[in-house]
Structure formats: C-alpha cells, structure tokens
file my_file-v9.txt (compact mmCIF, C-alpha atoms)
# COMPACT_ATOMS: atom_id res chain seq x y z
CA MET I 1455 -2.02 16.77 -0.15
CA PHE I 1456 1.01 16.22 2.11
CA LEU I 1457 3.15 19.20 1.12
CA GLU I 1458 2.73 21.03 4.42
CA ARG I 1459 3.66 17.93 6.41
CA LEU I 1460 6.68 17.39 4.18
CA MET I 1461 8.01 20.90 4.79
CA VAL I 1462 7.38 20.72 8.55
CA ASP I 1463 8.01 17.07 9.43
CA ASN I 1464 10.62 15.93 6.91
CA PRO I 1465 12.30 18.92 5.23
CA ARG I 1466 15.48 16.91 4.69
CA LEU I 1467 13.60 14.58 2.35
CA LEU I 1468 12.55 17.62 0.34
CA GLU I 1469 16.13 18.91 0.24
CA ALA I 1470 17.45 15.49 -0.76
CA ALA I 1471 14.93 15.24 -3.59
CA MET I 1472 15.95 18.63 -4.96
CA GLN I 1473 19.65 17.77 -4.63
CA LEU I 1474 19.48 14.35 -6.25
CA HIS I 1475 17.56 15.74 -9.20
CA ARG I 1476 19.83 18.76 -9.54
CA GLU I 1477 22.88 16.49 -9.60
CA GLY I 1478 21.30 14.25 -12.24
CA ARG I 1479 21.30 11.20 -9.98
CA ILE I 1480 17.57 10.68 -10.39
CA LEU I 1481 15.39 11.41 -13.41
CA PRO I 1482 12.06 13.20 -13.52
CA ASP I 1483 9.08 10.92 -12.91
CA THR I 1484 10.79 9.32 -9.91
CA TYR I 1485 9.34 8.54 -6.51
CA LEU I 1486 11.90 9.02 -3.75
CA LEU I 1487 11.59 6.78 -0.68
CA ASP I 1488 13.23 7.82 2.60
CA LEU I 1489 14.31 4.39 3.82
CA ASP I 1490 15.31 5.51 7.31
CA GLN I 1491 11.98 7.26 7.94
CA ILE I 1492 10.07 4.24 6.64
CA GLU I 1493 11.95 2.12 9.18
CA GLU I 1494 11.07 4.53 11.98
CA ASN I 1495 7.42 4.51 10.96
CA ALA I 1496 7.47 0.72 10.86
CA ARG I 1497 9.07 0.39 14.30
CA ALA I 1498 6.29 2.44 15.85
CA MET I 1499 3.62 0.25 14.26
CA VAL I 1500 5.34 -2.98 15.26
CA ALA I 1501 5.69 -1.83 18.88
CA THR I 1502 2.02 -0.84 19.14
CA ALA I 1503 0.88 -4.05 17.46
CA LYS I 1504 2.88 -6.14 19.92
CA GLU I 1505 1.30 -4.29 22.83
CA ARG I 1506 -2.18 -4.98 21.43
CA ASP I 1507 -1.44 -8.53 20.21
CA VAL I 1508 -2.28 -7.64 16.60
CA THR I 1509 -0.42 -9.35 13.75
CA LEU I 1510 0.78 -7.00 11.00
CA PHE I 1511 1.33 -7.90 7.35
CA PHE I 1512 3.00 -5.12 5.34
CA MET I 1513 1.65 -4.03 1.96
CA THR I 1514 4.12 -2.81 -0.69
CA LYS I 1515 2.02 -2.09 -3.78
CA GLN I 1516 1.84 1.60 -2.84
CA ILE I 1517 5.64 1.81 -2.95
CA GLY I 1518 6.03 -0.21 -6.13
CA ARG I 1519 6.38 -3.67 -4.55
CA ASN I 1520 9.88 -2.63 -3.49
CA PRO I 1521 11.92 -5.62 -2.25
CA LEU I 1522 14.62 -3.58 -0.52
CA VAL I 1523 12.03 -1.84 1.64
CA ALA I 1524 10.33 -5.19 2.26
CA LYS I 1525 13.57 -6.66 3.63
CA ARG I 1526 14.07 -3.68 5.93
CA LEU I 1527 10.52 -4.11 7.23
CA LEU I 1528 11.36 -7.67 8.19
CA ASP I 1529 14.46 -6.37 9.97
CA VAL I 1530 12.41 -4.04 12.18
CA GLY I 1531 9.93 -6.69 13.26
CA PHE I 1532 7.30 -7.40 10.61
CA SER I 1533 6.82 -11.13 10.05
CA SER I 1534 5.62 -11.17 6.45
CA ALA I 1535 3.92 -9.39 3.56
CA VAL I 1536 0.36 -9.22 2.34
CA VAL I 1537 0.29 -9.37 -1.45
CA VAL I 1538 -2.59 -7.71 -3.23
CA ASP I 1539 -2.23 -9.89 -6.32
CA TYR I 1540 -0.11 -12.65 -7.81
CA ARG I 1541 2.45 -10.27 -9.31
CA ASP I 1542 3.00 -8.92 -5.82
CA ALA I 1543 3.54 -12.48 -4.66
CA LEU I 1544 6.05 -13.27 -7.39
CA ILE I 1545 8.32 -10.30 -6.66
CA MET I 1546 8.24 -11.04 -2.92
CA MET I 1547 9.05 -14.70 -3.59
CA GLU I 1548 11.93 -13.73 -5.85
CA HIS I 1549 13.49 -11.94 -2.88
CA ASP I 1550 12.66 -14.56 -0.22
CA ILE I 1551 10.07 -12.40 1.55
CA PRO I 1552 7.65 -14.49 3.66
CA LEU I 1553 4.03 -14.34 2.51
CA GLY I 1554 1.51 -13.67 5.26
CA ASN I 1555 -1.68 -13.27 3.20
CA VAL I 1556 -2.10 -14.07 -0.49
CA GLY I 1557 -5.18 -13.46 -2.61
CA HIS I 1558 -6.79 -10.33 -1.26
CA LEU I 1559 -7.81 -8.44 -3.31
CA VAL I 1560 -6.92 -10.72 -6.25
CA GLN I 1561 -7.06 -14.51 -6.05
CA VAL I 1562 -4.14 -16.56 -7.36
CA PRO I 1563 -4.58 -17.79 -10.96
CA GLU I 1564 -4.50 -21.54 -11.44
CA ALA I 1565 -1.13 -21.60 -13.21
CA LEU I 1566 0.56 -20.16 -10.11
CA LEU I 1567 -1.26 -21.97 -7.31
CA LEU I 1568 1.24 -24.82 -7.01
CA ARG I 1569 4.26 -22.51 -7.14
CA ILE I 1570 2.92 -20.17 -4.48
CA MET I 1571 1.73 -22.95 -2.20
CA GLN I 1572 5.08 -24.73 -2.48
CA TYR I 1573 6.76 -21.49 -1.48
CA GLY I 1574 4.37 -21.16 1.43
CA ALA I 1575 1.61 -18.74 2.36
CA ARG I 1576 0.52 -18.39 5.96
CA TYR I 1577 -2.99 -17.52 4.77
CA MET I 1578 -4.72 -17.42 1.41
CA THR I 1579 -7.81 -15.26 0.98
CA ILE I 1580 -10.47 -17.03 -1.07
CA TYR I 1581 -13.95 -16.11 -2.29
CA SER I 1582 -14.90 -18.78 -4.84
CA MET I 1583 -15.61 -22.50 -4.50
CA ASP I 1584 -13.71 -23.38 -7.67
CA LYS I 1585 -10.56 -21.93 -6.13
CA PHE I 1586 -11.20 -23.81 -2.88
CA ILE I 1587 -11.33 -27.13 -4.73
CA LYS I 1588 -8.10 -26.40 -6.62
CA ILE I 1589 -6.27 -25.32 -3.46
CA ASN I 1590 -7.47 -28.39 -1.57
CA ALA I 1591 -6.21 -30.71 -4.31
CA ILE I 1592 -2.79 -29.06 -4.41
CA ALA I 1593 -2.55 -29.01 -0.61
CA GLU I 1594 -3.28 -32.74 -0.59
CA LYS I 1595 -0.44 -33.38 -3.07
CA LEU I 1596 1.91 -31.26 -0.97
CA GLY I 1597 0.86 -32.97 2.24
CA ILE I 1598 -0.24 -29.74 3.93
CA VAL I 1599 -3.37 -28.12 5.29
CA GLN I 1600 -3.73 -24.60 3.87
CA SER I 1601 -5.14 -21.92 6.17
CA ILE I 1602 -7.79 -19.77 4.49
CA LEU I 1603 -9.35 -16.38 5.13
CA LEU I 1604 -12.86 -16.10 3.66
CA ARG I 1605 -13.66 -12.82 1.98
CA ILE I 1606 -17.20 -12.01 3.11
CA THR I 1607 -19.58 -9.43 1.69
CA ASP I 1608 -23.23 -8.39 1.73
CA LYS I 1609 -25.48 -6.14 -0.33
CA HIS I 1610 -24.96 -3.02 1.79
CA ASP I 1611 -21.16 -3.31 2.00
CA VAL I 1612 -18.64 -0.94 0.46
CA ILE I 1613 -17.06 -2.46 -2.65
CA TYR I 1614 -14.93 -0.42 -5.03
CA PRO I 1615 -15.37 -0.87 -8.80
CA GLY I 1616 -13.00 -3.51 -10.08
CA GLN I 1617 -12.97 -5.25 -6.69
CA GLU I 1618 -16.39 -6.89 -6.84
CA ALA I 1619 -16.05 -10.25 -5.12
CA GLY I 1620 -16.91 -12.09 -1.93
CA ILE I 1621 -19.07 -14.75 -0.35
CA THR I 1622 -22.42 -13.26 0.63
CA LEU I 1623 -24.09 -14.02 3.94
CA GLU I 1624 -26.88 -15.73 2.02
CA GLU I 1625 -24.40 -18.00 0.24
CA LEU I 1626 -22.28 -18.69 3.31
CA PRO I 1627 -24.12 -21.73 4.83
CA ALA I 1628 -24.12 -23.68 1.56
CA PHE I 1629 -20.55 -22.63 0.89
CA ILE I 1630 -19.40 -23.96 4.26
CA ARG I 1631 -21.21 -27.27 3.74
CA GLN I 1632 -19.14 -27.83 0.61
CA VAL I 1633 -15.91 -26.69 2.24
CA LYS I 1634 -16.28 -29.19 5.10
CA ALA I 1635 -15.70 -32.00 2.63
CA LEU I 1636 -12.27 -30.56 1.76
CA LYS I 1637 -9.84 -32.08 4.25
CA HIS I 1638 -6.76 -30.04 3.33
CA ILE I 1639 -8.38 -26.66 3.95
CA ASN I 1640 -8.52 -24.89 7.31
CA ILE I 1641 -10.98 -21.99 7.59
CA ALA I 1642 -8.93 -19.76 9.88
CA GLY I 1643 -10.64 -16.40 9.62
CA LEU I 1644 -12.71 -13.77 7.84
CA THR I 1645 -11.86 -10.58 6.01
CA SER I 1646 -13.30 -7.83 3.83
CA PHE I 1647 -12.18 -4.55 2.29
CA PRO I 1648 -12.41 -1.76 3.22
CA ILE I 1649 -13.14 -2.25 6.91
CA PHE I 1650 -12.28 1.34 7.85
CA LEU I 1651 -12.58 4.58 5.88
CA TYR I 1652 -11.46 8.14 6.50
CA HIS I 1653 -14.22 10.72 7.05
CA GLU I 1654 -13.07 14.20 6.13
CA ALA I 1655 -15.75 16.07 8.11
CA GLU I 1656 -14.75 14.48 11.41
CA LYS I 1657 -11.11 13.90 10.39
CA GLU I 1658 -11.19 10.37 11.70
CA ILE I 1659 -11.23 6.73 10.63
CA LYS I 1660 -14.55 4.94 11.07
CA PRO I 1661 -15.76 1.37 10.41
CA THR I 1662 -17.68 0.64 7.23
CA PRO I 1663 -20.76 -1.62 7.06
CA ASN I 1664 -18.33 -4.37 6.04
CA LEU I 1665 -17.32 -4.82 9.67
CA ASP I 1666 -20.87 -5.62 10.78
CA THR I 1667 -21.06 -8.13 7.94
CA LEU I 1668 -17.96 -9.88 9.30
CA TYR I 1669 -19.52 -9.96 12.76
CA ARG I 1670 -22.66 -11.56 11.36
CA ALA I 1671 -20.64 -14.14 9.44
CA GLN I 1672 -18.55 -14.87 12.52
CA GLU I 1673 -21.71 -15.47 14.54
CA MET I 1674 -23.21 -17.70 11.83
CA LEU I 1675 -20.09 -19.88 11.93
CA ARG I 1676 -19.40 -19.76 15.65
CA GLU I 1677 -20.61 -23.29 16.44
CA GLU I 1678 -18.51 -24.97 13.74
CA TYR I 1679 -15.59 -22.51 13.79
CA PRO I 1680 -15.38 -20.99 17.29
CA HIS I 1681 -11.90 -19.53 16.86
CA LEU I 1682 -12.18 -17.55 13.62
CA ILE I 1683 -9.85 -14.56 13.50
CA LEU I 1684 -10.77 -11.24 11.88
CA ASN I 1685 -8.43 -9.62 9.39
CA LEU I 1686 -9.38 -5.90 9.34
CA PRO I 1687 -7.47 -4.02 6.62
CA SER I 1688 -7.43 -0.39 5.45
CA GLY I 1689 -6.22 2.69 7.29
CA SER I 1690 -3.81 0.59 9.35
CA ALA I 1691 -1.33 2.77 11.28
CA THR I 1692 0.11 3.20 14.75
CA GLY I 1693 -2.86 5.35 15.75
CA THR I 1694 -5.51 2.97 14.38
CA ILE I 1695 -4.10 -0.37 15.58
CA PRO I 1696 -5.91 0.11 18.94
CA LEU I 1697 -9.14 0.54 16.94
CA VAL I 1698 -8.46 -2.72 15.11
CA LYS I 1699 -8.03 -4.48 18.45
CA ALA I 1700 -11.11 -2.83 19.95
CA LYS I 1701 -13.21 -4.04 17.02
CA GLY I 1702 -12.07 -7.62 17.50
CA GLY I 1703 -9.36 -7.67 14.87
CA ALA I 1704 -6.37 -10.00 15.07
CA GLN I 1705 -4.65 -8.79 11.90
CA ALA I 1706 -4.01 -5.49 10.12
CA GLU I 1707 -2.21 -4.64 6.91
CA PRO I 1708 -0.38 -1.29 6.90
CA GLY I 1709 0.59 0.15 3.54
CA HIS I 1710 0.30 3.92 3.22
CA ALA I 1711 1.22 4.39 6.89
CA LEU I 1712 4.71 3.11 6.10
CA THR I 1713 5.30 6.31 4.15
CA GLY I 1714 3.07 8.51 6.32
CA THR I 1715 0.52 8.99 3.56
CA THR I 1716 -2.85 7.80 4.85
CA PRO I 1717 -5.55 10.52 4.69
CA LEU I 1718 -5.04 11.20 8.41
CA HIS I 1719 -1.39 12.00 7.78
CA GLN I 1720 -2.18 15.31 6.11
CA TYR I 1721 -2.71 16.66 9.63
CA PRO I 1722 -0.10 17.15 12.40
CA GLY I 1723 0.37 14.98 15.44
CA LEU I 1724 0.60 11.47 14.01
CA VAL I 1725 3.48 9.15 14.82
CA GLU I 1726 4.45 8.33 11.25
CA LYS I 1727 6.18 11.02 9.20
CA ILE I 1728 6.03 11.39 5.46
CA ALA I 1729 8.70 9.30 3.74
CA MET I 1730 7.87 9.55 0.04
CA VAL I 1731 7.86 12.33 -2.56
CA TYR I 1732 7.41 12.55 -6.32
CA VAL I 1733 10.17 14.29 -8.26
CA SER I 1734 9.81 15.87 -11.69
CA GLU I 1735 11.30 18.66 -13.79
CA ILE I 1736 9.97 21.61 -15.76
CA SER I 1737 9.78 20.48 -19.39
CA HIS I 1738 8.31 23.47 -21.22
CA HIS I 1739 5.87 26.37 -21.21
CA PHE I 1740 2.54 26.57 -22.99
CA ASP I 1741 -0.29 29.09 -22.87
CA GLY I 1742 1.03 30.84 -19.78
CA ARG I 1743 1.70 27.71 -17.74
CA SER I 1744 4.67 25.51 -16.98
CA TYR I 1745 4.52 21.78 -17.61
CA CYS I 1746 6.58 19.16 -15.81
CA TYR I 1747 7.19 15.56 -16.79
CA GLY I 1748 4.45 13.13 -15.77
CA GLY I 1749 4.14 9.39 -15.54
CA GLY I 1750 3.41 8.97 -11.86
CA TYR I 1751 0.15 10.84 -11.49
CA TYR I 1752 -2.50 8.99 -9.49
CA ARG I 1753 -6.00 10.32 -10.06
CA ARG I 1754 -7.17 9.71 -6.49
CA GLY I 1755 -4.06 11.31 -5.03
CA HIS I 1756 -5.52 14.74 -4.21
CA LEU I 1757 -2.62 16.52 -5.91
CA LYS I 1758 -3.01 20.28 -5.43
CA GLU I 1759 0.42 21.89 -5.06
CA ALA I 1760 4.08 21.46 -5.91
CA LEU I 1761 7.41 22.93 -4.89
CA VAL I 1762 9.62 24.29 -7.68
CA SER I 1763 13.31 25.06 -7.22
CA LYS I 1764 14.53 28.63 -7.63
CA VAL I 1765 17.58 29.63 -9.64
CA ASP I 1766 19.14 31.33 -6.60
CA GLY I 1767 18.38 28.41 -4.26
CA GLY I 1768 15.36 27.40 -2.22
CA TYR I 1769 11.97 26.71 -3.70
CA GLN I 1770 8.53 28.21 -4.26
CA ARG I 1771 5.12 26.73 -3.64
CA VAL I 1772 2.87 26.64 -6.71
CA GLU I 1773 -0.59 25.42 -7.63
CA VAL I 1774 -1.20 22.27 -9.67
CA PRO I 1775 -4.52 22.77 -11.53
CA ALA I 1776 -5.55 19.12 -11.24
CA GLN I 1777 -8.80 19.82 -13.09
CA MET I 1778 -6.67 20.15 -16.23
CA ILE I 1779 -5.43 16.55 -15.90
CA SER I 1780 -8.10 14.48 -17.62
CA ALA I 1781 -8.78 10.93 -16.47
CA ASP I 1782 -9.35 10.12 -20.15
CA ASN I 1783 -5.79 10.92 -21.19
CA ILE I 1784 -2.23 9.83 -20.42
CA ASP I 1785 -0.29 12.03 -17.98
CA TYR I 1786 2.62 12.80 -20.29
CA HIS I 1787 2.94 16.18 -18.56
CA LEU I 1788 1.46 17.82 -15.46
CA PRO I 1789 0.48 21.52 -15.50
CA LEU I 1790 1.71 24.10 -13.00
CA THR I 1791 0.31 27.58 -12.54
CA GLY I 1792 2.96 30.17 -13.52
CA LEU I 1793 6.19 30.19 -15.51
CA TYR I 1794 9.37 28.63 -14.11
CA PRO I 1795 12.78 27.87 -15.64
CA VAL I 1796 12.98 24.84 -17.89
CA GLY I 1797 14.96 22.18 -16.05
CA ALA I 1798 13.92 23.36 -12.57
CA SER I 1799 13.27 20.63 -10.01
CA VAL I 1800 9.68 19.90 -9.02
CA VAL I 1801 8.68 18.03 -5.85
CA MET I 1802 5.16 16.85 -5.01
CA ALA I 1803 3.67 14.90 -2.11
CA PHE I 1804 0.36 13.11 -2.64
CA ARG I 1805 -1.32 9.73 -2.20
CA THR I 1806 -0.34 7.26 -4.83
CA GLN I 1807 -0.22 3.65 -5.92
CA ILE I 1808 3.19 3.35 -7.56
CA PHE I 1809 2.45 -0.10 -8.96
CA VAL I 1810 -0.08 1.35 -11.42
CA THR I 1811 2.34 4.04 -12.70
CA ARG I 1812 5.30 3.98 -15.08
CA SER I 1813 7.58 5.79 -12.63
CA GLU I 1814 10.99 4.87 -11.29
CA VAL I 1815 11.51 4.44 -7.55
CA ALA I 1816 14.69 5.65 -5.86
CA VAL I 1817 15.38 4.27 -2.39
CA VAL I 1818 17.61 6.57 -0.35
CA SER I 1819 19.18 6.26 3.10
CA GLY I 1820 21.26 8.64 5.21
CA ILE I 1821 19.07 11.67 4.54
CA HIS I 1822 18.86 12.59 8.22
CA THR I 1823 22.59 12.25 8.92
CA GLY I 1824 23.76 14.23 5.91
CA ASN I 1825 25.24 11.13 4.26
CA ILE I 1826 22.82 10.59 1.41
CA LYS I 1827 23.17 7.16 -0.18
CA LEU I 1828 21.20 6.12 -3.23
CA GLU I 1829 20.52 2.49 -2.34
CA GLY I 1830 19.07 1.65 -5.72
CA ILE I 1831 16.64 2.64 -8.43
CA TYR I 1832 13.77 0.30 -9.24
CA ASP I 1833 10.85 0.23 -11.63
CA SER I 1834 7.27 0.48 -10.43
CA GLN I 1835 7.00 -3.31 -10.12
CA GLY I 1836 9.96 -3.78 -7.78
CA ARG I 1837 12.58 -4.74 -10.37
CA TYR I 1838 16.08 -3.37 -9.79
CA LEU I 1839 17.25 -1.07 -12.57
CA ARG I 1840 20.54 0.51 -11.51
CA GLY I 1841 22.59 1.95 -8.68
CA GLU I 1842 25.63 4.08 -8.03
call {"tool": "encode", "arguments": {"input": "my_file-v9.txt", "output": "structure tokens"}}
result
Amino acid sequence: MFLERLMVDNPRLLEAAMQLHREGRILPDTYLLDLDQIEENARAMVATAKERDVTLFFMTKQIGRNPLVAKRLLDVGFSSAVVVDYRDALIMMEHDIPLGNVGHLVQVPEALLLRIMQYGARYMTIYSMDKFIKINAIAEKLGIVQSILLRITDKHDVIYPGQEAGITLEELPAFIRQVKALKHINIAGLTSFPIFLYHEAEKEIKPTPNLDTLYRAQEMLREEYPHLILNLPSGSATGTIPLVKAKGGAQAEPGHALTGTTPLHQYPGLVEKIAMVYVSEISHHFDGRSYCYGGGYYRRGHLKEALVSKVDGGYQRVEVPAQMISADNIDYHLPLTGLYPVGASVVMAFRTQIFVTRSEVAVVSGIHTGNIKLEGIYDSQGRYLRGE
C-alpha cells in the first residue's frame, strides 16, 4: 500500500531494512521503525496542534505499544498517551508515560481501576453506569475528582464489530441524572469512534455520522455542562488537525500518522513520511511461488506488493497475491509471485496493528545520517527483548 511512498520519500529506510536483515541483526517477521522520521512526523503534528489549540494524545498500539518511541514523542512536545485498552495502560505506566485518555476503546477492568487511578489519568472514557459508580467510589477514597469523557453513540453511527459500546442519545438524559449524584466525577467532554473516515473515491477524510451525534449530545447537555470538550479521534495527522479544529474538536489522537501510514499517506504531498516497514525472508518455494516468513500480516493492511533483494545488489518489486492469504488460517508464510533465492530479504509497507501480531519490533536511529543504530528490539506488546 505504501511501497511507492517508501521508495520515493524514505529510500534510506528501505536500504537499512535490507542491510540489517542481510547482516543478521534483525530476524524475519520484524517491523522496523525509523525513530528519527517518527520524531520529524511528530514535530510537525505538535506544531500544527499548538497553532490550532488542539491537544494531542499519541496512540502506540499500531507500533506495538513501544515505550522507547513513546518517550521520544514526549521529548518532541506531546503531553501524554491515549491507551486503547488496559494492557496499553500498563506498559505505558511501567515506563512512566503520562496517560492522557484511558478507556477508549476498552474500559478499564475492575481489578485495575485503583492502580490506574492512583497512577493518574487526565481523562477516562466511560460508557457504562456500573463503571461510573466504581470510578466514583475509588476517586472518593483517593480524594480526587476524576475527569470523564462520555462515549456517545446512536443507531445510525459507525461502529466496528467488536467495538459495540456507547451511551445512546435516548439513554443520555437518564444517565446524566444518575451521574449528577456522583460527586467525585467530572463530565469533561464527549467522544466517539470513528469520527472521520477516509473516502477512496474523493481521496479525502470526511466526518462520519458519529460527529453529528456528538453535536446533538453536546446540545442536550449544554445547560448543565456548558463547557464540554469534544475528543475527535481517527485520521489524526498534520493535514487533518485543522479539520478537527473546524469541527469543534479540542482533542485528537494521532497513531498511524506517526509512521506516515494513514490511508491518505499512500499519496504524495503529505507532511509525514513513512517510518515503518515489515521485514521478512524467502523461506521456500512451492507450486511456482516463493513464500516468505509471516507472523505480522494484518488482514486490513491492503498488502499488494513487496521488494525482494537481488543476489547482485538492489531489489525487485513483486506481487503479493493477498487473495491466497485466508482470514481463516494463521499467516505462517506469505506468498510472493515468482521464484527468488531462499534467504533473500523481503520488505513490505502496509497498514498494520502490530499489537495484534506476533512480530518483533526493531527501533532504529541514524538511518538518515549513515550511522545506523539499533536502539532495541521489542515484542509486539512493547516489552524489551534484546539490543546490541
């Protein structure tokens, strides 16, 4: 999906991936993160957000909850992380990363509420009364008032399978009546997901019906809560932060833009450059095709092509027949059209969610100065494995 942009915008990342694999410093089924380019991408977002007075929380699930990258994002101006679930929260807490938003998309389980609230979360996203009551009780014991973002939904909103949740507009008045009795809760804002989606035909990001639902909820609550902020996630990048502001948003949550891999980034002209590739190796041949090691395939990643190293140097562009990779089976190997030497390096660039893979993650700096440094190799959940 991003192979053309990789070759044009960040060829040194491609070269580094081939080199590190050739030298045996990284294994197949490894995502390579260009730390310096991620920092540059982040700086651009932070600068634009400051100009527009939009608060940014960075999302790391796409890059395997990587704590080293998280720390660098703090260094360039981000204030804190958004954690998609409680495992995200735990790895960030382990590395002293401030938590900006906890509980969206997945609420915190009861066994971890006290621990996370003691650590401190600027906001918690909530969509069930039972959780509200628990949080209020813990906040009272801690002597704090916990700020909450309500996850709002309605029958015409976009909700992905496995993410079904939210307070409906019909339920909202009764919900608020109960919440008002909880003195250690502060309803600070509203959120939903996804607020923006990419439209291929127009090649642009547009609001979903979810945004109108937030507006309606905001209006319903205006008398009692006149200063509710809107958290408007999805598609957050330097180029879309002005859209967030124009639609009334106070917060955005960039994830894929950190590595230049939102759907818009397959086209030229965007500020962020691609900063992540997937590295594999030709394992064997079968029935006229080559097969490389898998483990990091993401079925919504739009994987179509790969680059395979040549014996005499350089690389060749080859097709990945994705239709052969069944969603019903484990991606032990990935097929490539054609026959290539066993052991040859394979580099791919596609959308992914590293935290749902079994891949390793290599964080590399110095690619653009010719002083490649392997900062560390992590698992897909952000745990450090080894270094050099």
call {"tool": "residues_around", "arguments": {"input": "my_file-v9.txt", "residues": "stretch 1561-1566 of chain I", "least_positions_apart": "2", "cutoff": "7 Å", "atoms": "only C-alpha atoms", "output": "list in words"}}
result
Asp1539, Tyr1540, Gly1557, His1558, Leu1559, Leu1568, Arg1569, Ile1570 and Ile1580 of chain I
call {"tool": "residues_around", "arguments": {"input": "my_file-v9.txt", "residues": "I:Ala1619", "least_positions_apart": "6", "cutoff": "8 Å", "atoms": "all atoms listed in the file", "output": "list in words"}}
result
Tyr1581, Arg1605 and Thr1607 of chain I
call {"tool": "write_last_selection", "arguments": {"input": "my_file-v9.txt", "atoms": "C-alpha atoms", "output": "mmCIF file, in the coordinates of the input"}}
result
data_model
loop_
_atom_site.group_PDB
_atom_site.id
_atom_site.type_symbol
_atom_site.label_atom_id
_atom_site.label_comp_id
_atom_site.auth_asym_id
_atom_site.auth_seq_id
_atom_site.Cartn_x
_atom_site.Cartn_y
_atom_site.Cartn_z
ATOM 1 C CA TYR I 1581 -13.950 -16.110 -2.290
ATOM 2 C CA ARG I 1605 -13.660 -12.820 1.980
ATOM 3 C CA THR I 1607 -19.580 -9.430 1.690
#
call {"tool": "residues_around", "arguments": {"input": "my_file-v9.txt", "residues": "stretch 1688-1690 of chain I", "least_positions_apart": "2", "cutoff": "8 Å", "atoms": "only C-alpha atoms", "output": "ChimeraX atom specification"}}
result
/I:1647-1652,1659,1686,1692,1694-1695,1706-1711,1716
call {"tool": "atom_distance", "arguments": {"input": "my_file-v9.txt", "atom1": "atom CA of I:Pro1482", "atom2": "atom CA of I:Tyr1747"}}
result
6.3 Å
call {"tool": "atom_distance", "arguments": {"input": "my_file-v9.txt", "atom1": "atom CA of I:Val1530", "atom2": "atom CA of I:Asn1495"}}
result
10.0 Å
call {"tool": "atom_distance", "arguments": {"input": "my_file-v9.txt", "atom1": "atom CA of I:Ala1700", "atom2": "atom CA of I:Ala1498"}}
result
18.6 Å
call {"tool": "decode", "arguments": {"input": "my_file-v9.txt", "residues": "stretch 1754-1770 of chain I", "atoms": "N, CA and C atoms", "output": "short mmCIF file (atom, residue, chain, number, x, y, z; two decimals), in the first residue's frame"}}
result
data_model
loop_
_atom_site.label_atom_id
_atom_site.label_comp_id
_atom_site.auth_asym_id
_atom_site.auth_seq_id
_atom_site.Cartn_x
_atom_site.Cartn_y
_atom_site.Cartn_z
N ARG I 1754 -6.42 -6.15 7.19
CA ARG I 1754 -6.96 -4.90 6.65
C ARG I 1754 -5.84 -3.98 6.17
N GLY I 1755 -4.67 -4.55 5.94
CA GLY I 1755 -3.50 -3.74 5.63
C GLY I 1755 -3.31 -3.38 4.18
N HIS I 1756 -4.13 -3.93 3.28
CA HIS I 1756 -4.03 -3.64 1.84
C HIS I 1756 -2.64 -3.99 1.30
N LEU I 1757 -2.13 -5.13 1.71
CA LEU I 1757 -0.83 -5.60 1.22
C LEU I 1757 -0.98 -6.09 -0.21
N LYS I 1758 -0.18 -5.53 -1.12
CA LYS I 1758 -0.26 -5.89 -2.53
C LYS I 1758 1.09 -6.24 -3.15
N GLU I 1759 2.16 -5.60 -2.66
CA GLU I 1759 3.47 -5.78 -3.28
C GLU I 1759 4.55 -5.89 -2.22
N ALA I 1760 5.71 -6.37 -2.65
CA ALA I 1760 6.88 -6.46 -1.78
C ALA I 1760 8.12 -6.16 -2.60
N LEU I 1761 9.20 -5.87 -1.92
CA LEU I 1761 10.50 -5.70 -2.55
C LEU I 1761 11.40 -6.84 -2.08
N VAL I 1762 12.03 -7.52 -3.04
CA VAL I 1762 12.88 -8.66 -2.73
C VAL I 1762 14.30 -8.34 -3.17
N SER I 1763 15.27 -8.61 -2.31
CA SER I 1763 16.67 -8.30 -2.62
C SER I 1763 17.18 -9.20 -3.74
N LYS I 1764 18.08 -8.64 -4.56
CA LYS I 1764 18.72 -9.39 -5.63
C LYS I 1764 20.10 -9.87 -5.17
N VAL I 1765 20.55 -10.95 -5.77
CA VAL I 1765 21.86 -11.51 -5.42
C VAL I 1765 22.97 -10.51 -5.71
N ASP I 1766 22.85 -9.78 -6.82
CA ASP I 1766 23.89 -8.84 -7.24
C ASP I 1766 23.67 -7.43 -6.69
N GLY I 1767 22.79 -7.29 -5.69
CA GLY I 1767 22.50 -5.98 -5.11
C GLY I 1767 21.20 -5.41 -5.63
N GLY I 1768 20.67 -4.43 -4.92
CA GLY I 1768 19.40 -3.83 -5.32
C GLY I 1768 18.22 -4.72 -4.92
N TYR I 1769 17.10 -4.47 -5.56
CA TYR I 1769 15.89 -5.21 -5.22
C TYR I 1769 14.94 -5.18 -6.40
N GLN I 1770 13.95 -6.06 -6.35
CA GLN I 1770 12.92 -6.11 -7.39
C GLN I 1770 11.54 -6.06 -6.74
#
